[in-house]
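Student: Quick one: structure below, then a few questions.
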Amino acid sequence: MSTAVRTSAFTEPDRPKGLLIRFVTTGGSYVDVTGSGENGHDNRWSCHGCGDSSRSPKASYLFRIRPDANDHATACRAIPLT
């Protein structure tokens with residue numbers, strides 16, 4: 001008896017250096033929040049599905065970036081192409 005191995009079309013991308021949070025989008029892709037952490041000024045989010053990213057360098061504290069990244073992940077329906 002052979003067992004078929006089923007693989008997902010969507011594989012999790014490599015985790016980048018400085019990954020703080022990873023959200024799964026509605027379309028099955030990922031939004032990564034990277035940076036130095038809670039009080040860092042270099043925190044950013046970027047979407048692996050549609051390519052969108054955070055645009056506000058003044059608002060780079062994690063408590064400001066986290067809800068924006070989560071909101072994007074909730075709304076983004078782009079599927080990963082790789």
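Simple scheme: letters A, B, ... for chains in structure tokens order, numbers from 1 for residues in each chain, numbers from 1 for ligands in the order shown.
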To test your reading of the structure, identify every residue in chain A that backbone DSSP assigns to helix (DSSP H, G or I), and report it as a ChimeraX atom specification.

Tutor: /A:57-59,62-75

Student: Would you export the selected residues with all heavy atoms as a compact mmCIF listing (two decimals), in the first residue's frame, please?

Tutor:
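Done, and the output landed in result18.txt:
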```txt
# COMPACT_ATOMS: atom_id res chain seq x y z
N PRO A 57 7.91 55.93 7.63
CA PRO A 57 9.08 55.77 8.48
C PRO A 57 8.94 56.44 9.84
O PRO A 57 9.59 56.05 10.80
CB PRO A 57 10.22 56.40 7.68
CG PRO A 57 9.57 57.23 6.64
CD PRO A 57 8.19 56.69 6.43
N LYS A 58 8.06 57.42 9.94
CA LYS A 58 7.86 58.09 11.24
C LYS A 58 7.12 57.18 12.22
O LYS A 58 7.22 57.37 13.42
CB LYS A 58 7.07 59.38 11.06
CG LYS A 58 7.82 60.46 10.30
CD LYS A 58 7.01 61.71 10.26
CE LYS A 58 6.26 61.72 8.95
NZ LYS A 58 5.49 62.90 8.68
N ALA A 59 6.37 56.24 11.70
CA ALA A 59 5.55 55.38 12.54
C ALA A 59 6.10 53.96 12.58
O ALA A 59 5.41 53.01 12.32
CB ALA A 59 4.12 55.37 12.02
N LEU A 62 6.93 49.20 16.80
CA LEU A 62 6.21 47.95 16.59
C LEU A 62 4.73 48.09 16.90
O LEU A 62 3.89 47.54 16.17
CB LEU A 62 6.85 46.83 17.42
CG LEU A 62 6.37 45.42 17.11
CD1 LEU A 62 6.58 45.06 15.64
CD2 LEU A 62 7.07 44.42 18.00
N PHE A 63 4.36 48.84 17.92
CA PHE A 63 2.94 48.96 18.27
C PHE A 63 2.15 49.70 17.18
O PHE A 63 0.94 49.56 17.11
CB PHE A 63 2.75 49.64 19.64
CG PHE A 63 2.94 51.14 19.65
CD1 PHE A 63 1.85 51.99 19.46
CD2 PHE A 63 4.19 51.70 19.85
CE1 PHE A 63 2.02 53.37 19.49
CE2 PHE A 63 4.37 53.06 19.88
CZ PHE A 63 3.28 53.91 19.69
N ARG A 64 2.83 50.43 16.31
CA ARG A 64 2.16 51.09 15.18
C ARG A 64 2.18 50.22 13.92
O ARG A 64 1.25 50.25 13.13
CB ARG A 64 2.80 52.43 14.88
CG ARG A 64 2.57 53.43 15.96
CD ARG A 64 3.23 54.74 15.61
NE ARG A 64 3.15 55.65 16.72
CZ ARG A 64 2.57 56.84 16.66
NH1 ARG A 64 2.03 57.24 15.54
NH2 ARG A 64 2.52 57.60 17.72
N ILE A 65 3.25 49.49 13.72
CA ILE A 65 3.40 48.66 12.53
C ILE A 65 2.52 47.41 12.60
O ILE A 65 1.92 47.00 11.60
CB ILE A 65 4.89 48.25 12.37
CG1 ILE A 65 5.74 49.46 12.05
CG2 ILE A 65 5.07 47.16 11.32
CD1 ILE A 65 5.49 50.06 10.69
N ARG A 66 2.43 46.79 13.77
CA ARG A 66 1.71 45.53 13.94
C ARG A 66 0.26 45.60 13.43
O ARG A 66 -0.15 44.75 12.64
CB ARG A 66 1.74 45.08 15.40
CG ARG A 66 1.05 43.76 15.63
CD ARG A 66 0.99 43.38 17.10
NE ARG A 66 2.30 43.23 17.68
CZ ARG A 66 2.73 43.91 18.76
NH1 ARG A 66 1.95 44.79 19.35
NH2 ARG A 66 3.93 43.70 19.23
N PRO A 67 -0.55 46.59 13.85
CA PRO A 67 -1.93 46.61 13.36
C PRO A 67 -2.03 46.85 11.85
O PRO A 67 -2.90 46.29 11.19
CB PRO A 67 -2.60 47.75 14.13
CG PRO A 67 -1.60 48.30 15.07
CD PRO A 67 -0.30 47.61 14.86
N ASP A 68 -1.14 47.65 11.30
CA ASP A 68 -1.16 47.89 9.85
C ASP A 68 -0.84 46.61 9.09
O ASP A 68 -1.48 46.30 8.07
CB ASP A 68 -0.15 48.98 9.46
CG ASP A 68 -0.55 50.35 9.97
OD1 ASP A 68 -1.73 50.55 10.33
OD2 ASP A 68 0.33 51.22 10.01
N ALA A 69 0.14 45.85 9.56
CA ALA A 69 0.51 44.59 8.92
C ALA A 69 -0.63 43.59 9.03
O ALA A 69 -0.96 42.89 8.06
CB ALA A 69 1.78 44.03 9.55
N ASN A 70 -1.26 43.52 10.19
CA ASN A 70 -2.39 42.61 10.40
C ASN A 70 -3.57 43.01 9.51
O ASN A 70 -4.21 42.14 8.89
CB ASN A 70 -2.79 42.60 11.86
CG ASN A 70 -3.80 41.53 12.17
OD1 ASN A 70 -3.79 40.46 11.58
ND2 ASN A 70 -4.69 41.82 13.11
N ASP A 71 -3.86 44.30 9.42
CA ASP A 71 -4.96 44.77 8.56
C ASP A 71 -4.68 44.42 7.10
O ASP A 71 -5.58 44.00 6.36
CB ASP A 71 -5.16 46.28 8.70
CG ASP A 71 -5.75 46.67 10.04
OD1 ASP A 71 -6.24 45.79 10.78
OD2 ASP A 71 -5.70 47.89 10.35
N HIS A 72 -3.43 44.60 6.67
CA HIS A 72 -3.09 44.26 5.29
C HIS A 72 -3.27 42.76 5.06
O HIS A 72 -3.85 42.35 4.05
CB HIS A 72 -1.66 44.68 4.94
CG HIS A 72 -1.32 44.33 3.54
ND1 HIS A 72 -1.66 45.14 2.47
CD2 HIS A 72 -0.71 43.23 3.01
CE1 HIS A 72 -1.28 44.56 1.35
NE2 HIS A 72 -0.70 43.40 1.64
N ALA A 73 -2.80 41.94 5.98
CA ALA A 73 -2.92 40.49 5.84
C ALA A 73 -4.39 40.07 5.77
O ALA A 73 -4.75 39.16 5.01
CB ALA A 73 -2.23 39.78 6.99
N THR A 74 -5.24 40.73 6.52
CA THR A 74 -6.67 40.42 6.51
C THR A 74 -7.30 40.75 5.17
O THR A 74 -8.18 40.04 4.69
CB THR A 74 -7.39 41.19 7.63
OG1 THR A 74 -6.81 40.81 8.88
CG2 THR A 74 -8.87 40.91 7.65
N ALA A 75 -6.86 41.83 4.54
CA ALA A 75 -7.47 42.30 3.29
C ALA A 75 -6.82 41.75 2.03
O ALA A 75 -7.48 41.67 0.99
CB ALA A 75 -7.42 43.83 3.25
```

Student: Check chain A with DSSP on the backbone and list each residue it calls strand (DSSP E or B), as number ranges by chain.

Tutor: A: 19-24, 30-34, 44-47, 53

Student: Please list as a PDB file with all heavy atoms, in the first residue's frame every residue within 7 Å of A:Gly18, counting only C-alpha atoms and excluding residues in the same chain fewer than 2 positions away.

Tutor:
```pdb
ATOM      1  N   PRO A  16      13.294  35.917   7.079  1.00  0.00           N
ATOM      2  CA  PRO A  16      14.394  36.886   6.978  1.00  0.00           C
ATOM      3  C   PRO A  16      15.000  37.217   8.332  1.00  0.00           C
ATOM      4  O   PRO A  16      14.377  37.014   9.380  1.00  0.00           O
ATOM      5  CB  PRO A  16      13.722  38.122   6.380  1.00  0.00           C
ATOM      6  CG  PRO A  16      12.310  38.019   6.805  1.00  0.00           C
ATOM      7  CD  PRO A  16      12.002  36.543   6.857  1.00  0.00           C
ATOM      8  N   LEU A  20      10.119  39.622  13.186  1.00  0.00           N
ATOM      9  CA  LEU A  20       9.458  39.791  14.481  1.00  0.00           C
ATOM     10  C   LEU A  20       8.101  39.108  14.508  1.00  0.00           C
ATOM     11  O   LEU A  20       7.726  38.486  15.499  1.00  0.00           O
ATOM     12  CB  LEU A  20       9.283  41.278  14.795  1.00  0.00           C
ATOM     13  CG  LEU A  20      10.560  42.103  14.856  1.00  0.00           C
ATOM     14  CD1 LEU A  20      10.228  43.590  14.933  1.00  0.00           C
ATOM     15  CD2 LEU A  20      11.398  41.673  16.053  1.00  0.00           C
ATOM     16  N   THR A  34       9.592  43.045  10.132  1.00  0.00           N
ATOM     17  CA  THR A  34      11.005  42.908  10.466  1.00  0.00           C
ATOM     18  C   THR A  34      11.511  44.184  11.131  1.00  0.00           C
ATOM     19  O   THR A  34      10.914  45.243  10.985  1.00  0.00           O
ATOM     20  CB  THR A  34      11.853  42.646   9.203  1.00  0.00           C
ATOM     21  OG1 THR A  34      11.657  43.709   8.276  1.00  0.00           O
ATOM     22  CG2 THR A  34      11.492  41.319   8.553  1.00  0.00           C
ATOM     23  N   GLY A  35      12.603  44.069  11.851  1.00  0.00           N
ATOM     24  CA  GLY A  35      13.219  45.233  12.473  1.00  0.00           C
ATOM     25  C   GLY A  35      13.880  44.880  13.786  1.00  0.00           C
ATOM     26  O   GLY A  35      14.160  43.721  14.072  1.00  0.00           O
ATOM     27  N   SER A  36      14.098  45.912  14.588  1.00  0.00           N
ATOM     28  CA  SER A  36      14.818  45.761  15.855  1.00  0.00           C
ATOM     29  C   SER A  36      13.928  45.434  17.040  1.00  0.00           C
ATOM     30  O   SER A  36      14.424  45.135  18.109  1.00  0.00           O
ATOM     31  CB  SER A  36      15.580  47.048  16.166  1.00  0.00           C
ATOM     32  OG  SER A  36      16.535  47.294  15.175  1.00  0.00           O
TER      33      SER A  36
END
```

Student: Could you list, as a list in words, every residue within 12 Å of A:Gly51, counting only C-alpha atoms and ignoring same-chain residues fewer than 6 positions away?

Tutor: Ser29, Tyr30, Val31, Asp32, Trp45, His72, Ala73, Cys76, Arg77, Ala78, Ile79, Pro80 and Leu81 of chain A

Student: Expressed in Å to a single decimal, how great is the separation between atom CA of A:Val33 and atom CA of A:Ser46?

Tutor: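 Atom CA of A:Val33 sits 6.7 Å away from atom CA of A:Ser46.
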
Student: One number please: atom CA of A:His41 to atom CA of A:Thr26, in Å, one decimal.

Tutor: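 So the answer is 28.0 Å.
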
Student: Rounded to one decimal, what separation in Å do you get between atom CA of A:Asn43 and atom CA of A:Glu12?

Tutor: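 Those two atoms sit 20.9 Å apart.
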
Student: Which residue is closest to A:Cys50? Choose from A:Gly27, A:Arg15, A:Gly37, A:Ile21 and count only C-alpha atoms.

Tutor: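 Between A:Gly27, A:Arg15, A:Gly37, A:Ile21, the residue approaching A:Cys50 most closely is A:Gly27.
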